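Asker: Below is the file protein06.cif, which contains mmCIF, C-alpha atoms.
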```
data_work
#
loop_
_atom_site.label_atom_id
_atom_site.label_comp_id
_atom_site.auth_asym_id
_atom_site.auth_seq_id
_atom_site.Cartn_x
_atom_site.Cartn_y
_atom_site.Cartn_z
CA MET A 1 84.25 37.56 -82.58
CA SER A 2 87.92 37.21 -81.84
CA SER A 3 90.13 36.84 -78.81
CA SER A 4 93.05 38.79 -80.22
CA GLN A 5 94.05 41.87 -78.25
CA ASP A 6 96.00 43.62 -81.01
CA ARG A 7 94.79 47.21 -80.91
CA VAL A 8 96.14 50.60 -81.88
CA GLY A 9 96.23 52.91 -78.88
CA ARG A 10 95.94 52.42 -75.17
CA VAL A 11 93.17 50.25 -73.77
CA ILE A 12 90.86 52.16 -71.44
CA ASN A 13 88.64 50.68 -68.79
CA HIS A 14 85.06 51.68 -69.51
CA LYS A 15 83.87 54.38 -67.15
CA ASP A 16 80.52 52.70 -66.36
CA TYR A 17 80.94 49.02 -67.11
CA TYR A 18 84.32 48.01 -65.73
CA LEU A 19 82.64 46.50 -62.71
CA ARG A 20 84.04 45.33 -59.45
CA GLY A 21 83.42 41.62 -59.13
CA GLY A 22 83.03 41.09 -62.86
CA ASP A 23 84.28 37.75 -64.13
CA MET A 24 84.19 38.34 -67.92
CA SER A 25 86.15 40.85 -69.95
CA VAL A 26 85.06 42.19 -73.33
CA LEU A 27 87.22 44.39 -75.53
CA ILE A 28 85.58 46.63 -78.14
CA GLY A 29 87.92 49.07 -79.87
CA ASN A 30 90.07 50.40 -77.06
CA HIS A 31 87.33 50.10 -74.41
CA LEU A 32 87.63 47.25 -71.94
CA TYR A 33 84.45 46.03 -70.21
CA ARG A 34 84.50 43.89 -67.09
CA ILE A 35 81.05 42.44 -66.50
CA HIS A 36 79.28 39.41 -65.07
CA SER A 37 79.08 36.34 -67.27
CA PHE A 38 76.05 35.02 -65.37
CA PHE A 39 73.54 37.09 -67.34
CA PHE A 40 75.09 36.21 -70.70
CA TYR A 41 75.34 32.52 -69.87
CA ARG A 42 71.75 32.39 -68.64
CA GLU A 43 70.06 34.34 -71.44
CA SER A 44 72.00 33.55 -74.61
CA LEU A 45 72.87 30.20 -76.16
CA ALA A 46 75.46 31.93 -78.38
CA TRP A 47 77.29 33.35 -75.38
CA ARG A 48 76.93 30.11 -73.47
CA GLN A 49 78.83 28.31 -76.20
CA MET A 50 81.55 30.97 -76.24
CA LEU A 51 81.93 30.92 -72.47
CA ASP A 52 82.27 27.14 -72.50
CA THR A 53 85.04 27.41 -75.11
CA PRO A 54 88.26 29.16 -73.96
CA PRO A 55 89.38 31.88 -76.38
CA ASP A 56 92.64 31.60 -78.26
CA GLY A 57 95.68 32.97 -76.58
CA GLY A 58 95.19 31.82 -73.05
CA GLU A 59 93.04 30.36 -70.37
CA HIS A 60 89.73 32.12 -69.87
CA GLY A 61 88.20 32.99 -66.52
CA THR A 62 91.29 33.39 -64.31
CA ALA A 63 90.68 35.50 -61.26
CA ASP A 64 93.35 38.11 -61.95
CA ALA A 65 93.24 38.77 -65.69
CA PRO A 66 90.77 36.74 -67.73
CA SER A 67 91.41 36.83 -71.44
CA PRO A 68 88.90 39.26 -72.99
CA PHE A 69 86.45 38.48 -75.73
CA THR A 70 87.16 40.87 -78.59
CA LEU A 71 84.09 41.98 -80.55
CA ASP A 72 85.41 43.40 -83.80
CA ASP A 73 82.03 43.95 -85.45
CA VAL A 74 80.20 45.57 -82.53
CA LYS A 75 80.16 49.28 -81.77
CA SER A 76 81.08 50.30 -78.27
CA GLU A 77 78.04 52.59 -78.14
CA ASP A 78 75.68 49.72 -79.01
CA PHE A 79 77.22 47.40 -76.41
CA GLU A 80 77.01 50.12 -73.77
CA ARG A 81 73.30 50.56 -74.50
CA PHE A 82 72.78 46.81 -74.34
CA LEU A 83 74.46 46.59 -70.93
CA TRP A 84 72.23 49.41 -69.69
CA VAL A 85 69.26 47.04 -69.91
CA ILE A 86 71.03 44.47 -67.72
CA TYR A 87 72.49 46.91 -65.20
CA ASN A 88 69.78 49.56 -65.24
CA PRO A 89 69.93 51.28 -61.81
CA GLN A 90 66.29 52.35 -62.12
CA TYR A 91 64.41 49.10 -61.70
CA SER A 92 61.67 48.53 -64.30
CA ILE A 93 62.07 52.04 -65.73
CA TYR A 94 63.39 51.97 -69.28
CA ASP A 95 63.03 55.42 -70.78
CA ALA A 96 65.10 55.71 -73.95
CA PRO A 97 64.72 57.04 -77.51
CA PHE A 98 64.27 55.05 -80.69
CA ASP A 99 67.99 54.84 -81.58
CA THR A 100 68.85 53.36 -78.19
CA TRP A 101 66.22 50.64 -78.42
CA LEU A 102 67.27 49.91 -81.98
CA SER A 103 70.84 49.24 -80.80
CA ILE A 104 69.51 46.98 -78.05
CA LEU A 105 67.22 45.16 -80.45
CA LYS A 106 70.06 44.59 -82.90
CA LEU A 107 72.34 42.89 -80.37
CA ALA A 108 69.50 41.01 -78.68
CA ASP A 109 68.46 39.56 -82.03
CA ARG A 110 72.02 38.75 -83.01
CA TRP A 111 72.85 36.92 -79.77
CA SER A 112 69.36 35.47 -79.19
CA PHE A 113 68.58 37.28 -75.96
CA CYS A 114 64.87 36.55 -76.29
CA ASN A 115 63.74 38.33 -73.13
CA ILE A 116 65.67 41.47 -73.95
CA LYS A 117 64.37 41.40 -77.52
CA ASP A 118 60.79 41.21 -76.23
CA LEU A 119 61.49 44.13 -73.89
CA ALA A 120 62.89 46.20 -76.75
CA VAL A 121 59.81 45.56 -78.89
CA ARG A 122 57.46 46.47 -76.03
CA GLU A 123 59.30 49.73 -75.46
CA LEU A 124 59.43 50.52 -79.18
CA GLU A 125 55.65 50.10 -79.34
CA LYS A 126 55.31 52.93 -76.82
CA LEU A 127 57.20 55.37 -79.06
CA ASN A 128 55.93 57.47 -81.94
CA ILE A 129 58.06 56.14 -84.80
CA GLU A 130 57.92 57.19 -88.42
CA PRO A 131 56.18 54.44 -90.44
CA ILE A 132 59.11 53.80 -92.79
CA GLU A 133 61.65 53.57 -89.95
CA LYS A 134 59.43 51.17 -88.08
CA ILE A 135 58.77 48.95 -91.10
CA VAL A 136 62.47 48.74 -91.96
CA ALA A 137 63.50 47.90 -88.38
CA TYR A 138 60.77 45.34 -87.76
CA HIS A 139 61.46 43.61 -91.07
CA GLU A 140 65.18 43.42 -90.38
CA TYR A 141 64.76 41.83 -86.98
CA LYS A 142 61.74 39.68 -87.91
CA ILE A 143 59.19 41.28 -85.59
CA ASN A 144 55.55 40.19 -85.83
CA LYS A 145 54.00 41.95 -88.83
CA THR A 146 50.74 42.43 -86.96
CA LEU A 147 52.49 45.21 -85.06
CA LEU A 148 53.14 46.95 -88.37
CA LEU A 149 49.50 47.28 -89.39
CA PRO A 150 49.28 50.98 -88.40
CA ALA A 151 52.52 51.73 -90.26
CA TYR A 152 51.43 49.83 -93.38
CA THR A 153 48.05 51.58 -93.31
CA ALA A 154 49.65 55.01 -92.93
CA MET A 155 51.91 54.34 -95.92
CA CYS A 156 48.96 53.19 -98.03
CA LYS A 157 46.92 56.30 -97.19
CA ARG A 158 49.78 58.72 -97.75
CA ASP A 159 49.18 61.09 -100.64
CA LYS A 160 52.86 61.70 -101.36
CA PRO A 161 54.50 58.93 -103.42
CA LEU A 162 57.57 57.11 -102.18
CA THR A 163 60.93 58.67 -102.89
CA LEU A 164 63.82 56.67 -104.33
CA ALA A 165 65.57 56.61 -100.96
CA GLU A 166 62.43 55.44 -99.19
CA GLY A 167 61.80 52.71 -101.73
CA THR A 168 65.40 51.54 -101.46
CA SER A 169 65.22 51.28 -97.67
CA LEU A 170 61.87 49.49 -97.75
CA GLY A 171 62.93 46.98 -100.38
CA MET A 172 61.29 45.88 -103.61
CA GLU A 173 58.86 43.39 -102.06
CA THR A 174 57.43 45.85 -99.53
CA VAL A 175 57.12 48.61 -102.14
CA LEU A 176 55.19 46.30 -104.48
CA ARG A 177 52.87 45.13 -101.72
CA LEU A 178 52.12 48.72 -100.67
CA ALA A 179 51.41 49.62 -104.30
CA ASP A 180 49.10 46.60 -104.57
CA ALA A 181 47.12 47.66 -101.50
CA ARG A 182 46.77 51.24 -102.79
CA GLU A 183 45.55 50.01 -106.17
CA ARG A 184 42.99 47.74 -104.55
CA ALA A 185 41.71 50.69 -102.56
CA ARG A 186 41.29 52.78 -105.70
CA GLN A 187 39.53 49.95 -107.49
CA GLN A 188 37.12 49.41 -104.62
CA ALA A 189 36.36 53.13 -104.52
CA ALA A 190 35.62 53.17 -108.25
CA GLU A 191 33.31 50.18 -107.92
CA SER A 192 31.42 51.90 -105.10
CA GLY A 193 30.71 54.94 -107.28
CA ILE A 194 33.26 57.47 -105.95
CA ARG A 195 34.45 59.43 -108.97
CA SER A 196 37.63 61.06 -107.68
CA PRO A 197 38.54 59.06 -104.59
CA THR A 198 41.28 60.04 -102.19
CA PHE A 199 42.75 57.80 -99.56
CA GLU A 200 41.09 59.92 -96.92
CA ASP A 201 37.78 58.48 -98.16
CA PHE A 202 38.73 55.12 -96.67
CA GLU A 203 38.33 54.22 -93.05
CA ASP A 204 41.38 52.77 -91.36
CA VAL A 205 39.51 49.50 -90.81
CA GLN A 206 38.84 49.12 -94.54
CA MET A 207 42.43 49.82 -95.47
CA GLU A 208 43.65 47.57 -92.69
CA ASP A 209 41.69 44.63 -94.11
CA MET A 210 43.33 45.17 -97.52
CA VAL A 211 46.75 45.41 -95.90
CA ARG A 212 46.17 42.17 -94.03
CA GLU A 213 45.30 40.39 -97.25
CA VAL A 214 48.20 41.82 -99.23
CA PHE A 215 50.85 41.19 -96.56
CA GLY A 216 49.46 37.82 -95.50
CA ILE A 217 48.62 38.90 -91.95
CA PRO A 218 45.93 36.79 -90.24
CA PRO A 219 42.51 38.51 -89.98
CA ARG A 220 41.24 40.06 -86.79
CA GLN A 221 39.67 37.72 -84.26
CA MET A 222 35.93 37.98 -83.81
CA SER A 223 36.05 38.34 -80.03
CA PRO A 224 38.59 39.94 -77.69
CA GLY A 225 39.43 36.64 -76.03
CA GLN A 226 40.40 34.85 -79.23
CA HIS A 227 43.77 36.57 -79.56
CA SER A 228 45.41 34.02 -77.24
CA ARG A 229 43.96 30.94 -78.93
CA ASN A 230 46.38 28.91 -81.00
CA SER A 231 45.71 27.06 -84.23
CA SER A 232 44.49 23.92 -82.47
CA GLY A 233 41.66 25.77 -80.77
CA VAL A 234 43.26 25.58 -77.34
CA PHE A 235 42.63 28.63 -75.22
CA ASN A 236 44.86 29.74 -72.33
CA GLY A 237 46.89 26.56 -72.64
CA PHE A 238 44.08 24.14 -71.80
CA GLY A 239 42.39 21.60 -74.03
CA SER A 240 38.93 23.18 -74.05
CA PHE A 241 37.45 26.55 -74.65
CA GLY A 242 38.24 28.42 -71.48
CA GLY A 243 35.90 30.30 -69.23
CA THR A 244 37.03 33.11 -67.00
CA ASN A 245 39.43 30.82 -65.17
CA GLY A 246 40.74 29.06 -68.28
CA PHE A 247 39.54 25.59 -67.31
CA GLY A 248 36.54 25.37 -69.65
CA PHE A 249 32.81 25.72 -69.43
CA ASN A 250 30.94 23.49 -66.99
CA GLY A 251 28.16 22.54 -69.39
CA LEU A 252 27.95 21.34 -72.94
CA ALA A 253 29.90 22.97 -75.70
CA PRO A 254 28.09 24.17 -78.85
CA THR A 255 26.41 21.49 -80.92
CA THR A 256 29.46 21.16 -83.15
CA HIS A 257 31.65 20.12 -80.20
CA LYS A 258 31.67 17.29 -77.72
CA PRO A 259 30.80 17.95 -74.07
CA SER A 260 33.64 19.80 -72.42
CA ASP A 261 33.69 17.36 -69.49
CA PRO A 262 36.51 14.95 -70.44
CA LEU A 263 35.13 12.23 -68.14
CA HIS A 264 31.69 12.02 -69.77
CA VAL A 265 31.23 10.98 -73.39
CA SER A 266 27.64 10.79 -74.56
CA THR A 267 26.69 8.49 -77.41
CA GLU A 268 23.02 9.49 -77.39
CA PRO A 269 21.61 11.40 -80.38
CA LEU A 270 21.11 15.12 -80.05
CA SER A 271 17.65 16.55 -79.57
CA PRO A 272 16.55 19.65 -81.49
CA ASN A 273 17.71 21.95 -78.71
CA GLY A 274 21.24 20.55 -78.93
CA SER A 275 21.26 18.41 -75.74
CA THR A 276 21.28 14.63 -75.47
CA THR A 277 18.11 12.73 -74.69
CA LYS A 278 19.55 11.61 -71.35
CA ALA A 279 21.03 14.95 -70.37
CA ASP A 280 18.53 15.32 -67.50
CA GLY A 281 18.25 11.63 -66.65
CA LYS A 282 14.73 11.30 -68.15
CA LYS A 283 13.53 9.34 -71.15
CA PRO A 284 11.78 11.19 -73.94
CA GLN A 285 7.99 11.20 -73.65
CA PRO A 286 5.82 10.23 -76.64
CA PRO A 287 3.28 12.73 -77.98
CA GLN A 288 0.17 12.99 -75.80
CA LYS A 289 -2.32 12.48 -78.65
CA ASP A 290 -0.92 9.11 -79.61
CA GLU A 291 -0.58 7.91 -76.04
CA LYS A 292 -2.08 4.42 -75.53
CA PRO A 293 -2.78 2.52 -72.33
CA SER A 294 0.04 0.32 -71.34
CA SER A 295 -0.64 -3.37 -71.86
CA GLU A 296 2.11 -4.35 -69.46
CA PRO A 297 1.22 -5.71 -66.06
CA ASN A 298 1.27 -3.36 -63.15
CA GLY A 299 4.39 -4.95 -61.82
CA ALA A 300 6.27 -4.28 -65.07
CA SER A 301 5.14 -0.68 -65.11
CA SER A 302 6.24 -0.25 -61.53
CA GLN A 303 9.55 -1.84 -62.35
CA GLN A 304 10.03 0.47 -65.30
CA ALA A 305 9.19 3.50 -63.17
CA GLY A 306 11.60 2.32 -60.56
CA SER A 307 14.27 1.87 -63.21
CA GLY A 308 13.60 5.40 -64.49
CA ALA A 309 13.93 6.76 -60.97
CA ALA A 310 17.18 4.90 -60.57
CA ASP A 311 18.39 6.35 -63.85
CA GLY A 312 17.46 9.79 -62.61
CA LYS A 313 19.70 9.38 -59.59
CA GLY A 314 22.66 8.03 -61.42
CA GLY A 315 22.31 9.77 -64.81
CA ALA A 316 23.91 12.96 -66.13
CA GLY A 317 21.22 15.09 -64.48
CA GLY A 318 21.25 13.27 -61.14
CA LYS A 319 23.28 13.77 -57.98
CA PRO A 320 26.00 11.10 -57.95
CA ASN A 321 27.70 10.61 -54.58
CA GLY A 322 25.57 13.32 -53.04
CA ALA A 323 26.90 16.05 -55.34
CA GLY A 324 24.67 19.03 -55.86
CA GLU A 325 22.60 18.59 -52.70
#
```
Just give me the structure of the file as structure tokens.
Answerer:
Amino acid sequence: MSSSQDRVGRVINHKDYYLRGGDMSVLIGNHLYRIHSFFFYRESLAWRQMLDTPPDGGEHGTADAPSPFTLDDVKSEDFERFLWVIYNPQYSIYDAPFDTWLSILKLADRWSFCNIKDLAVRELEKLNIEPIEKIVAYHEYKINKTLLLPAYTAMCKRDKPLTLAEGTSLGMETVLRLADARERARQQAAESGIRSPTFEDFEDVQMEDMVREVFGIPPRQMSPGQHSRNSSGVFNGFGSFGGTNGFGFNGLAPTTHKPSDPLHVSTEPLSPNGSTTKADGKKPQPPQKDEKPSSEPNGASSQQAGSGAADGKGGAGGKPNGAGE
């Protein structure tokens, strides 16, 4: 970026984005944009730093004629498309073709407009894009490779080999990985007894598993809810495995986990059914066959029974402070 205004030809105010009340001027080619710095300052650290630093050649931000930012390496068409997202007159309706979203994605990635980049990816996912175009774009702007699984799978199952131009655009690493996945598919087909296999003989799920392994994409989760769990096992942002409200189950976790109640830590051994021996407030009973008469005095037995009853009221299975009545 530069602040120089040396240009060949007359500067023209942009027909759509020379806005009344704008406090920031941007010059691209011979098109002058007058827009609001608020959105750029709020969304982009790169622009925030530029706005805090006056450009060369004069004071920036004067009411009458602020010195414009000159973007030498940005196309006016791309910047116009980018501004359309910010000033879209149709609220929440973003209907645009692939090339438009690609321009938006390019500038959003370059200037770290994270929210606009996420919007561009969501809208691109709604479009029917050729696999090679999608792979190239998502690789360039570092989009999650999980979103490329259908495109990778389609390329692996394609009968026609890659052309030189396609291989050049994809890059050596991607071409080699696709070739690896195709070869693994052939080898698996041969081992299963198929004499002349074609890629149509493979289900998408089978090919997808090979693609995941070759491209280093994490495997599918076993249950629908596991997609939002991070590597530490936290679900929905809480420290236990969440129920429908995300706060965790109200009982014991599986036998390999501690009780999900953070206020109760049991040190009792686990019984065969996975619960602690004091989970219901009762002591384990000895086998009936080996039961012997108690030699303790009646008073001791009564005291023990009374103690057990007291334990039942105050134990894990009781009703402390009247709860559960």
Asker: Take CA of Pro150 (chain A) and CA of Val211 (chain A) and report the distance between them in Å, one decimal.
Answerer: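 Between CA of Pro150 (chain A) and CA of Val211 (chain A) the gap works out to 9.7 Å.
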Asker: So what does the PyMOL selection byres ((chain A and resi 130) around 12) actually pick up in this one, as a tab-separated table (two decimals) with C-alpha atoms, in the frame of the given file?
Answerer:
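Below is the file expr02.tsv, written as the result:
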```tsv
chain	number	residue	atom	x	y	z
A	98	PHE	CA	64.27	55.05	-80.69
A	124	LEU	CA	59.43	50.52	-79.18
A	125	GLU	CA	55.65	50.10	-79.34
A	127	LEU	CA	57.20	55.37	-79.06
A	128	ASN	CA	55.93	57.47	-81.94
A	129	ILE	CA	58.06	56.14	-84.80
A	131	PRO	CA	56.18	54.44	-90.44
A	132	ILE	CA	59.11	53.80	-92.79
A	133	GLU	CA	61.65	53.57	-89.95
A	134	LYS	CA	59.43	51.17	-88.08
A	135	ILE	CA	58.77	48.95	-91.10
A	136	VAL	CA	62.47	48.74	-91.96
A	137	ALA	CA	63.50	47.90	-88.38
A	148	LEU	CA	53.14	46.95	-88.37
A	150	PRO	CA	49.28	50.98	-88.40
A	151	ALA	CA	52.52	51.73	-90.26
A	152	TYR	CA	51.43	49.83	-93.38
A	154	ALA	CA	49.65	55.01	-92.93
A	155	MET	CA	51.91	54.34	-95.92
A	166	GLU	CA	62.43	55.44	-99.19
```
Asker: Could you give me, as a ChimeraX atom specification, the residues within 8 Å of Trp47 (chain A), counting all atoms listed in the file and dropping anything in the same chain fewer than 6 positions from it?
Answerer: /A:40-41,111
Asker: Can you work out which one of A:Ile28, A:Leu170, A:Ala179, A:Ile104 has the shortest atom-to-atom distance to Val85 (chain A), counting only C-alpha atoms?
Answerer: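 Once distances to Val85 (chain A) are computed over only C-alpha atoms, the minimum belongs to A:Ile104.
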Asker: Counting all atoms listed in the file, what is within 8 Å of Glu123 (chain A), bar same-chain residues fewer than 4 positions away, as a list in words?
Answerer: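 After dropping sequence-adjacent residues, the list is Tyr94, Trp101, Leu119 and Leu127 of chain A.
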